[in-house]
file final_29.txt (compact mmCIF, N, CA and C atoms)
# COMPACT_ATOMS: atom_id res chain seq x y z
N MET A 165 -10.23 -10.11 -6.85
CA MET A 165 -9.13 -9.23 -6.56
C MET A 165 -7.99 -10.03 -5.98
N GLU A 166 -6.81 -9.52 -6.13
CA GLU A 166 -5.62 -10.20 -5.64
C GLU A 166 -5.03 -9.44 -4.48
N TYR A 167 -4.76 -10.14 -3.37
CA TYR A 167 -4.14 -9.54 -2.19
C TYR A 167 -2.65 -9.79 -2.22
N PHE A 168 -1.91 -8.87 -1.67
CA PHE A 168 -0.48 -8.98 -1.50
C PHE A 168 -0.20 -8.76 -0.02
N GLU A 169 0.60 -9.63 0.59
CA GLU A 169 0.85 -9.55 2.03
C GLU A 169 2.32 -9.51 2.36
N LYS A 170 2.61 -8.82 3.45
CA LYS A 170 3.94 -8.80 4.04
C LYS A 170 3.76 -8.73 5.55
N THR A 171 4.77 -9.17 6.27
CA THR A 171 4.74 -9.02 7.72
C THR A 171 5.98 -8.25 8.16
N LEU A 172 5.85 -7.62 9.30
CA LEU A 172 6.99 -6.91 9.90
C LEU A 172 6.85 -6.95 11.39
N THR A 173 7.94 -6.67 12.07
CA THR A 173 7.94 -6.62 13.53
C THR A 173 8.27 -5.20 13.96
N VAL A 174 7.48 -4.66 14.87
CA VAL A 174 7.66 -3.30 15.35
C VAL A 174 8.97 -3.21 16.15
N THR A 175 9.80 -2.23 15.78
CA THR A 175 11.06 -1.98 16.48
C THR A 175 10.96 -0.67 17.26
N GLU A 176 11.95 -0.41 18.07
CA GLU A 176 11.95 0.83 18.86
C GLU A 176 11.95 2.07 17.98
N ASP A 177 12.58 2.01 16.82
CA ASP A 177 12.61 3.15 15.89
C ASP A 177 11.22 3.49 15.34
N ASP A 178 10.27 2.58 15.44
CA ASP A 178 8.92 2.79 14.92
C ASP A 178 8.01 3.53 15.91
N LEU A 179 8.46 3.72 17.13
CA LEU A 179 7.59 4.20 18.20
C LEU A 179 7.60 5.72 18.35
N ASP A 180 6.47 6.23 18.88
CA ASP A 180 6.35 7.66 19.20
C ASP A 180 6.55 7.85 20.71
N ASP A 181 6.26 9.04 21.19
CA ASP A 181 6.43 9.35 22.61
C ASP A 181 5.50 8.57 23.53
N LEU A 182 4.43 8.02 22.99
CA LEU A 182 3.49 7.22 23.77
C LEU A 182 3.83 5.73 23.73
N HIS A 183 4.94 5.40 23.05
CA HIS A 183 5.40 4.02 22.89
C HIS A 183 4.46 3.18 22.02
N HIS A 184 3.74 3.87 21.12
CA HIS A 184 2.93 3.22 20.09
C HIS A 184 3.62 3.48 18.76
N VAL A 185 3.25 2.72 17.72
CA VAL A 185 3.80 2.99 16.40
C VAL A 185 3.39 4.40 15.98
N ASN A 186 4.36 5.17 15.54
CA ASN A 186 4.16 6.54 15.09
C ASN A 186 3.32 6.56 13.81
N ASN A 187 2.39 7.51 13.71
CA ASN A 187 1.54 7.63 12.52
C ASN A 187 2.35 7.80 11.24
N VAL A 188 3.45 8.51 11.32
CA VAL A 188 4.31 8.70 10.15
C VAL A 188 4.87 7.36 9.68
N ARG A 189 5.18 6.48 10.61
CA ARG A 189 5.71 5.16 10.25
C ARG A 189 4.64 4.36 9.50
N TYR A 190 3.39 4.44 9.95
CA TYR A 190 2.31 3.75 9.25
C TYR A 190 2.22 4.23 7.80
N VAL A 191 2.32 5.53 7.58
CA VAL A 191 2.27 6.07 6.22
C VAL A 191 3.43 5.50 5.40
N GLN A 192 4.61 5.43 6.00
CA GLN A 192 5.76 4.85 5.29
C GLN A 192 5.48 3.39 4.92
N TRP A 193 4.91 2.64 5.85
CA TRP A 193 4.60 1.23 5.57
C TRP A 193 3.55 1.09 4.48
N ILE A 194 2.58 2.00 4.45
CA ILE A 194 1.58 1.98 3.37
C ILE A 194 2.27 2.17 2.03
N GLN A 195 3.17 3.11 1.96
CA GLN A 195 3.91 3.34 0.71
C GLN A 195 4.82 2.16 0.39
N ASP A 196 5.47 1.60 1.39
CA ASP A 196 6.39 0.49 1.17
C ASP A 196 5.69 -0.74 0.61
N ILE A 197 4.53 -1.11 1.19
CA ILE A 197 3.85 -2.30 0.70
C ILE A 197 3.25 -2.05 -0.69
N SER A 198 2.83 -0.82 -0.94
CA SER A 198 2.31 -0.48 -2.27
C SER A 198 3.39 -0.65 -3.33
N LYS A 199 4.56 -0.13 -3.05
CA LYS A 199 5.70 -0.24 -3.98
C LYS A 199 6.11 -1.70 -4.14
N ALA A 200 6.17 -2.43 -3.04
CA ALA A 200 6.56 -3.84 -3.09
C ALA A 200 5.58 -4.65 -3.94
N HIS A 201 4.29 -4.36 -3.80
CA HIS A 201 3.27 -5.05 -4.59
C HIS A 201 3.49 -4.80 -6.08
N TRP A 202 3.66 -3.55 -6.45
CA TRP A 202 3.91 -3.16 -7.84
C TRP A 202 5.16 -3.86 -8.37
N GLN A 203 6.24 -3.82 -7.62
CA GLN A 203 7.50 -4.41 -8.09
C GLN A 203 7.44 -5.93 -8.15
N ALA A 204 6.67 -6.54 -7.26
CA ALA A 204 6.56 -8.01 -7.24
C ALA A 204 5.68 -8.55 -8.36
N LYS A 205 4.64 -7.82 -8.73
CA LYS A 205 3.65 -8.34 -9.66
C LYS A 205 3.78 -7.83 -11.09
N ALA A 206 4.23 -6.61 -11.28
CA ALA A 206 4.31 -6.04 -12.63
C ALA A 206 5.63 -6.42 -13.28
N PRO A 207 5.59 -6.92 -14.51
CA PRO A 207 6.83 -7.22 -15.21
C PRO A 207 7.72 -5.97 -15.33
N ILE A 208 9.02 -6.18 -15.33
CA ILE A 208 9.98 -5.08 -15.40
C ILE A 208 9.68 -4.16 -16.57
N GLU A 209 9.39 -4.72 -17.74
CA GLU A 209 9.13 -3.87 -18.91
C GLU A 209 7.88 -3.00 -18.72
N MET A 210 6.95 -3.44 -17.89
CA MET A 210 5.76 -2.65 -17.59
C MET A 210 6.12 -1.49 -16.65
N GLN A 211 7.06 -1.73 -15.76
CA GLN A 211 7.46 -0.73 -14.77
C GLN A 211 8.35 0.37 -15.35
N GLU A 212 9.04 0.07 -16.43
CA GLU A 212 10.10 0.95 -16.91
C GLU A 212 9.67 2.36 -17.31
N GLY A 213 8.54 2.52 -17.95
CA GLY A 213 8.18 3.83 -18.47
C GLY A 213 7.22 4.65 -17.62
N VAL A 214 6.88 4.12 -16.43
CA VAL A 214 5.87 4.80 -15.61
C VAL A 214 6.32 4.88 -14.16
N VAL A 215 5.65 5.76 -13.43
CA VAL A 215 5.89 5.91 -11.99
C VAL A 215 4.55 6.26 -11.33
N TRP A 216 4.35 5.75 -10.12
CA TRP A 216 3.14 6.04 -9.35
C TRP A 216 3.41 7.14 -8.34
N VAL A 217 2.47 8.08 -8.19
CA VAL A 217 2.57 9.12 -7.16
C VAL A 217 1.27 9.17 -6.37
N VAL A 218 1.38 9.53 -5.11
CA VAL A 218 0.22 9.63 -4.23
C VAL A 218 -0.51 10.94 -4.47
N MET A 219 -1.83 10.85 -4.59
CA MET A 219 -2.67 12.04 -4.66
C MET A 219 -3.27 12.35 -3.29
N ASN A 220 -3.69 11.30 -2.56
CA ASN A 220 -4.19 11.50 -1.21
C ASN A 220 -4.24 10.19 -0.45
N HIS A 221 -4.19 10.30 0.86
CA HIS A 221 -4.32 9.16 1.78
C HIS A 221 -5.53 9.42 2.67
N HIS A 222 -6.32 8.39 2.89
CA HIS A 222 -7.36 8.43 3.93
C HIS A 222 -7.06 7.24 4.84
N ILE A 223 -6.74 7.54 6.09
CA ILE A 223 -6.31 6.50 7.02
C ILE A 223 -7.22 6.49 8.24
N SER A 224 -7.72 5.30 8.58
CA SER A 224 -8.48 5.11 9.81
C SER A 224 -7.64 4.25 10.74
N TYR A 225 -7.27 4.84 11.87
CA TYR A 225 -6.49 4.11 12.88
C TYR A 225 -7.48 3.45 13.83
N LYS A 226 -7.37 2.14 14.01
CA LYS A 226 -8.34 1.39 14.80
C LYS A 226 -7.79 0.96 16.16
N SER A 227 -6.50 0.65 16.21
CA SER A 227 -5.87 0.18 17.43
C SER A 227 -4.37 0.45 17.34
N ALA A 228 -3.70 0.47 18.47
CA ALA A 228 -2.27 0.79 18.50
C ALA A 228 -1.42 -0.48 18.48
N ALA A 229 -0.28 -0.37 17.84
CA ALA A 229 0.73 -1.44 17.87
C ALA A 229 1.89 -0.94 18.72
N VAL A 230 2.55 -1.88 19.39
CA VAL A 230 3.65 -1.53 20.30
C VAL A 230 4.88 -2.38 19.99
N LEU A 231 5.96 -2.06 20.67
CA LEU A 231 7.24 -2.73 20.47
C LEU A 231 7.09 -4.25 20.49
N GLY A 232 7.64 -4.88 19.48
CA GLY A 232 7.64 -6.34 19.39
C GLY A 232 6.43 -6.94 18.69
N ASP A 233 5.39 -6.15 18.48
CA ASP A 233 4.21 -6.67 17.77
C ASP A 233 4.59 -7.07 16.35
N VAL A 234 4.05 -8.18 15.90
CA VAL A 234 4.18 -8.59 14.51
C VAL A 234 2.93 -8.11 13.79
N ILE A 235 3.14 -7.41 12.69
CA ILE A 235 2.03 -6.83 11.94
C ILE A 235 1.95 -7.50 10.57
N THR A 236 0.75 -7.94 10.23
CA THR A 236 0.47 -8.45 8.88
C THR A 236 -0.14 -7.32 8.08
N MET A 237 0.52 -6.97 6.98
CA MET A 237 0.01 -5.93 6.09
C MET A 237 -0.57 -6.61 4.86
N ARG A 238 -1.73 -6.14 4.43
CA ARG A 238 -2.40 -6.72 3.26
C ARG A 238 -2.90 -5.58 2.38
N THR A 239 -2.67 -5.69 1.08
CA THR A 239 -3.10 -4.64 0.17
C THR A 239 -3.74 -5.23 -1.08
N HIS A 240 -4.59 -4.42 -1.71
CA HIS A 240 -5.18 -4.77 -2.99
C HIS A 240 -5.64 -3.49 -3.68
N ILE A 241 -5.88 -3.60 -4.96
CA ILE A 241 -6.40 -2.48 -5.73
C ILE A 241 -7.92 -2.59 -5.72
N ALA A 242 -8.58 -1.55 -5.21
CA ALA A 242 -10.04 -1.54 -5.12
C ALA A 242 -10.68 -1.13 -6.44
N GLU A 243 -10.05 -0.16 -7.13
CA GLU A 243 -10.57 0.27 -8.43
C GLU A 243 -9.51 1.07 -9.17
N SER A 244 -9.64 1.10 -10.47
CA SER A 244 -8.76 1.90 -11.33
C SER A 244 -9.63 2.54 -12.39
N ARG A 245 -9.34 3.82 -12.64
CA ARG A 245 -10.09 4.55 -13.65
C ARG A 245 -9.19 5.63 -14.22
N GLY A 246 -9.10 5.72 -15.52
CA GLY A 246 -8.26 6.73 -16.15
C GLY A 246 -6.82 6.53 -15.74
N ALA A 247 -6.24 7.57 -15.13
CA ALA A 247 -4.86 7.51 -14.67
C ALA A 247 -4.75 7.24 -13.17
N THR A 248 -5.91 7.03 -12.49
CA THR A 248 -5.87 6.88 -11.05
C THR A 248 -6.31 5.50 -10.59
N SER A 249 -5.81 5.14 -9.42
CA SER A 249 -6.09 3.85 -8.84
C SER A 249 -6.29 4.04 -7.34
N ILE A 250 -7.25 3.31 -6.78
CA ILE A 250 -7.48 3.33 -5.34
C ILE A 250 -6.94 2.03 -4.77
N ARG A 251 -5.98 2.18 -3.86
CA ARG A 251 -5.35 1.03 -3.22
C ARG A 251 -5.76 1.01 -1.75
N VAL A 252 -6.18 -0.15 -1.28
CA VAL A 252 -6.53 -0.36 0.12
C VAL A 252 -5.38 -1.10 0.80
N VAL A 253 -5.00 -0.61 1.97
CA VAL A 253 -4.01 -1.31 2.80
C VAL A 253 -4.64 -1.51 4.17
N GLU A 254 -4.54 -2.73 4.66
CA GLU A 254 -5.00 -3.05 6.01
C GLU A 254 -3.83 -3.64 6.78
N MET A 255 -3.75 -3.30 8.05
CA MET A 255 -2.70 -3.85 8.91
C MET A 255 -3.37 -4.49 10.11
N TYR A 256 -2.92 -5.70 10.45
CA TYR A 256 -3.49 -6.49 11.53
C TYR A 256 -2.40 -6.91 12.51
N ALA A 257 -2.76 -6.99 13.78
CA ALA A 257 -1.87 -7.61 14.77
C ALA A 257 -1.88 -9.10 14.47
N ALA A 258 -0.73 -9.65 14.12
CA ALA A 258 -0.66 -11.05 13.68
C ALA A 258 -1.13 -12.01 14.77
N LYS A 259 -0.84 -11.70 16.00
CA LYS A 259 -1.18 -12.60 17.12
C LYS A 259 -2.68 -12.70 17.36
N THR A 260 -3.41 -11.57 17.22
CA THR A 260 -4.84 -11.53 17.55
C THR A 260 -5.74 -11.32 16.34
N ASN A 261 -5.15 -10.99 15.21
CA ASN A 261 -5.88 -10.63 13.98
C ASN A 261 -6.74 -9.37 14.17
N LEU A 262 -6.39 -8.54 15.14
CA LEU A 262 -7.07 -7.29 15.40
C LEU A 262 -6.67 -6.26 14.34
N LEU A 263 -7.67 -5.60 13.74
CA LEU A 263 -7.40 -4.57 12.75
C LEU A 263 -6.77 -3.36 13.42
N LEU A 264 -5.60 -2.96 12.93
CA LEU A 264 -4.89 -1.80 13.47
C LEU A 264 -5.16 -0.55 12.64
N LEU A 265 -5.27 -0.74 11.34
CA LEU A 265 -5.36 0.40 10.42
C LEU A 265 -5.98 -0.05 9.12
N ARG A 266 -6.74 0.85 8.51
CA ARG A 266 -7.26 0.64 7.15
C ARG A 266 -7.07 1.95 6.41
N SER A 267 -6.45 1.87 5.24
CA SER A 267 -6.23 3.09 4.45
C SER A 267 -6.72 2.89 3.03
N LYS A 268 -7.11 4.01 2.44
CA LYS A 268 -7.40 4.09 1.01
C LYS A 268 -6.51 5.19 0.47
N THR A 269 -5.70 4.84 -0.50
CA THR A 269 -4.79 5.81 -1.10
C THR A 269 -5.11 5.92 -2.58
N GLU A 270 -5.24 7.15 -3.04
CA GLU A 270 -5.44 7.40 -4.47
C GLU A 270 -4.07 7.67 -5.09
N TRP A 271 -3.72 6.81 -6.03
CA TRP A 271 -2.44 6.91 -6.74
C TRP A 271 -2.71 7.36 -8.18
N CYS A 272 -1.76 8.10 -8.74
CA CYS A 272 -1.84 8.52 -10.13
C CYS A 272 -0.64 7.95 -10.88
N LEU A 273 -0.89 7.37 -12.04
CA LEU A 273 0.17 6.81 -12.88
C LEU A 273 0.70 7.92 -13.80
N LEU A 274 2.02 8.11 -13.75
CA LEU A 274 2.65 9.13 -14.59
C LEU A 274 3.60 8.49 -15.59
N ASN A 275 3.71 9.13 -16.75
CA ASN A 275 4.76 8.79 -17.70
C ASN A 275 6.07 9.22 -17.05
N LYS A 276 7.03 8.32 -16.94
CA LYS A 276 8.27 8.60 -16.23
C LYS A 276 9.08 9.71 -16.89
N GLU A 277 8.99 9.83 -18.20
CA GLU A 277 9.77 10.84 -18.92
C GLU A 277 9.14 12.23 -18.84
N THR A 278 7.82 12.31 -19.06
CA THR A 278 7.15 13.62 -19.10
C THR A 278 6.56 14.03 -17.75
N LEU A 279 6.41 13.07 -16.85
CA LEU A 279 5.75 13.26 -15.55
C LEU A 279 4.31 13.75 -15.69
N ARG A 280 3.69 13.36 -16.79
CA ARG A 280 2.28 13.67 -17.04
C ARG A 280 1.45 12.42 -16.78
N PRO A 281 0.21 12.59 -16.30
CA PRO A 281 -0.66 11.43 -16.07
C PRO A 281 -0.84 10.61 -17.35
N THR A 282 -0.88 9.31 -17.16
CA THR A 282 -1.08 8.40 -18.28
C THR A 282 -2.13 7.36 -17.89
N ARG A 283 -2.99 7.01 -18.83
CA ARG A 283 -4.07 6.06 -18.57
C ARG A 283 -3.51 4.71 -18.13
N ILE A 284 -4.15 4.13 -17.14
CA ILE A 284 -3.78 2.79 -16.67
C ILE A 284 -4.30 1.80 -17.70
N SER A 285 -3.38 1.10 -18.32
CA SER A 285 -3.74 0.18 -19.39
C SER A 285 -4.45 -1.06 -18.84
N ASP A 286 -5.14 -1.76 -19.72
CA ASP A 286 -5.78 -3.03 -19.34
C ASP A 286 -4.72 -4.03 -18.88
N ALA A 287 -3.54 -3.97 -19.48
CA ALA A 287 -2.46 -4.88 -19.09
C ALA A 287 -2.06 -4.65 -17.64
N ILE A 288 -1.94 -3.38 -17.24
CA ILE A 288 -1.60 -3.07 -15.85
C ILE A 288 -2.74 -3.49 -14.93
N LYS A 289 -3.96 -3.19 -15.31
CA LYS A 289 -5.11 -3.59 -14.49
C LYS A 289 -5.14 -5.10 -14.28
N SER A 290 -4.84 -5.85 -15.32
CA SER A 290 -4.94 -7.31 -15.23
C SER A 290 -3.92 -7.90 -14.26
N VAL A 291 -2.79 -7.22 -14.06
CA VAL A 291 -1.78 -7.71 -13.13
C VAL A 291 -2.34 -7.75 -11.71
N PHE A 292 -3.26 -6.83 -11.39
CA PHE A 292 -3.75 -6.69 -10.03
C PHE A 292 -5.19 -7.16 -9.82
N THR A 293 -5.83 -7.74 -10.85
CA THR A 293 -7.21 -8.17 -10.69
C THR A 293 -7.40 -9.66 -10.84
N LYS A 294 -6.31 -10.41 -10.85
CA LYS A 294 -6.43 -11.87 -10.92
C LYS A 294 -7.05 -12.37 -9.64
N GLU A 295 -7.85 -13.40 -9.76
CA GLU A 295 -8.51 -13.99 -8.58
C GLU A 295 -7.49 -14.68 -7.69
N VAL A 296 -7.70 -14.60 -6.40
CA VAL A 296 -6.85 -15.28 -5.45
C VAL A 296 -7.12 -16.77 -5.52
N THR A 297 -6.07 -17.58 -5.55
CA THR A 297 -6.26 -19.03 -5.61
C THR A 297 -5.90 -19.68 -4.29

call {"tool": "encode", "arguments": {"input": "final_29.txt", "output": "structure tokens"}}
result
Amino acid sequence: MEYFEKTLTVTEDDLDDLHHVNNVRYVQWIQDISKAHWQAKAPIEMQEGVVWVVMNHHISYKSAAVLGDVITMRTHIAESRGATSIRVVEMYAAKTNLLLLRSKTEWCLLNKETLRPTRISDAIKSVFTKEVT
């Protein structure tokens, strides 16, 4: 499997009333890294006729992040079947490597024109299943 990583630094806008990263912000970051992975790895011509939509999120919060924390986000595709794909996102405190969050999101691939589910091709699967070197 191939991992895709990004880092970010927690800002004041990311915080809730308890001065921890807001759960809604984590969901946004899950979507952001998922989109970034797709756009970074899939050729433009592959991206043109399709769009990914979320079917469900399962998120386990393990520890809190606070202002100034650097977070390493890592994602990969765990499985793909038919028109759906399960994407795992993990977030770690960069300084301690402590797991902050682990999510599994079920995504559905749609034809961009008809907005109907479309089978994930072997070509799309191969973009995300190359071995890490």

call {"tool": "closest_residue", "arguments": {"input": "final_29.txt", "among": "A:Ala206, A:Val234, A:Lys268, A:Ala242", "to": "A:Ser290", "atoms": "only C-alpha atoms"}}
result
A:Ala206

call {"tool": "select_by_dssp", "arguments": {"input": "final_29.txt", "residues": "chain A", "states": "strand (DSSP E or B)", "output": "PyMOL selection string"}}
result
chain A and resi 168-173+179+184-185+214-225+230+234-245+248-257+263-275+281

call {"tool": "closest_residue", "arguments": {"input": "final_29.txt", "among": "A:Met255, A:Val214, A:Val174, A:His184", "to": "A:Lys276", "atoms": "all atoms listed in the file"}}
result
A:Val214

call {"tool": "closest_residue", "arguments": {"input": "final_29.txt", "among": "A:Asn186, A:Ser227, A:Ser198, A:Asn275", "to": "A:His240", "atoms": "all atoms listed in the file"}}
result
A:Ser198

call {"tool": "select_by_dssp", "arguments": {"input": "final_29.txt", "residues": "stretch 168-285 of chain A", "states": "alpha helix (DSSP H)", "output": "list of chain:residue names"}}
result
A:Asn187, A:Val188, A:Arg189, A:Tyr190, A:Val191, A:Gln192, A:Trp193, A:Ile194, A:Gln195, A:Asp196, A:Ile197, A:Ser198, A:Lys199, A:Ala200, A:His201, A:Trp202, A:Gln203, A:Ala204, A:Lys205, A:Ile208, A:Glu209, A:Met210, A:Gln211

call {"tool": "residues_near_point", "arguments": {"input": "final_29.txt", "point": "(-9.8, -6.4, 4.4)", "cutoff": "8 Å", "atoms": "all atoms listed in the file", "output": "ChimeraX atom specification"}}
result
/A:238-239,252-255,266

call {"tool": "atom_distance", "arguments": {"input": "final_29.txt", "atom1": "atom CA of A:Ser224", "atom2": "atom CA of A:Thr175"}}
result
21.8 Å

call {"tool": "residues_around", "arguments": {"input": "final_29.txt", "residues": "stretch 189-191 of chain A", "least_positions_apart": "5", "cutoff": "8 Å", "atoms": "only N, CA and C atoms", "output": "JSON, numbers by chain"}}
result
{"A": [177, 178, 179, 196, 197]}

call {"tool": "atom_distance", "arguments": {"input": "final_29.txt", "atom1": "atom CA of A:His201", "atom2": "atom CA of A:Gly232"}}
result
24.4 Å

call {"tool": "closest_residue", "arguments": {"input": "final_29.txt", "among": "A:Val188, A:Ile288, A:Met237, A:Leu274", "to": "A:Ala258", "atoms": "all atoms listed in the file"}}
result
A:Met237

call {"tool": "atom_distance", "arguments": {"input": "final_29.txt", "atom1": "atom CA of A:Ser244", "atom2": "atom C of A:Ala257"}}
result
28.9 Å

call {"tool": "closest_residue", "arguments": {"input": "final_29.txt", "among": "A:Ser285, A:Ser267, A:Thr173, A:Thr278", "to": "A:Tyr225", "atoms": "all atoms listed in the file"}}
result
A:Ser267

call {"tool": "closest_residue", "arguments": {"input": "final_29.txt", "among": "A:Leu265, A:Ala229, A:Ala204, A:Leu172", "to": "A:Val185", "atoms": "all atoms listed in the file"}}
result
A:Ala229

call {"tool": "residues_around", "arguments": {"input": "final_29.txt", "residues": "A:Glu270", "least_positions_apart": "4", "cutoff": "6 Å", "atoms": "only C-alpha atoms", "output": "ChimeraX atom specification"}}
result
/A:219-220,249-250

call {"tool": "residues_around", "arguments": {"input": "final_29.txt", "residues": "A:Lys199", "least_positions_apart": "3", "cutoff": "12 Å", "atoms": "only C-alpha atoms", "output": "list of chain:residue names"}}
result
A:Phe168, A:Lys170, A:Gln192, A:Trp193, A:Ile194, A:Gln195, A:Asp196, A:Trp202, A:Gln203, A:Ala204, A:Lys205, A:Ala206, A:Gln211, A:Val215, A:Trp216, A:Val217, A:Val218, A:Thr239, A:His240, A:Arg251, A:Val253, A:Trp271
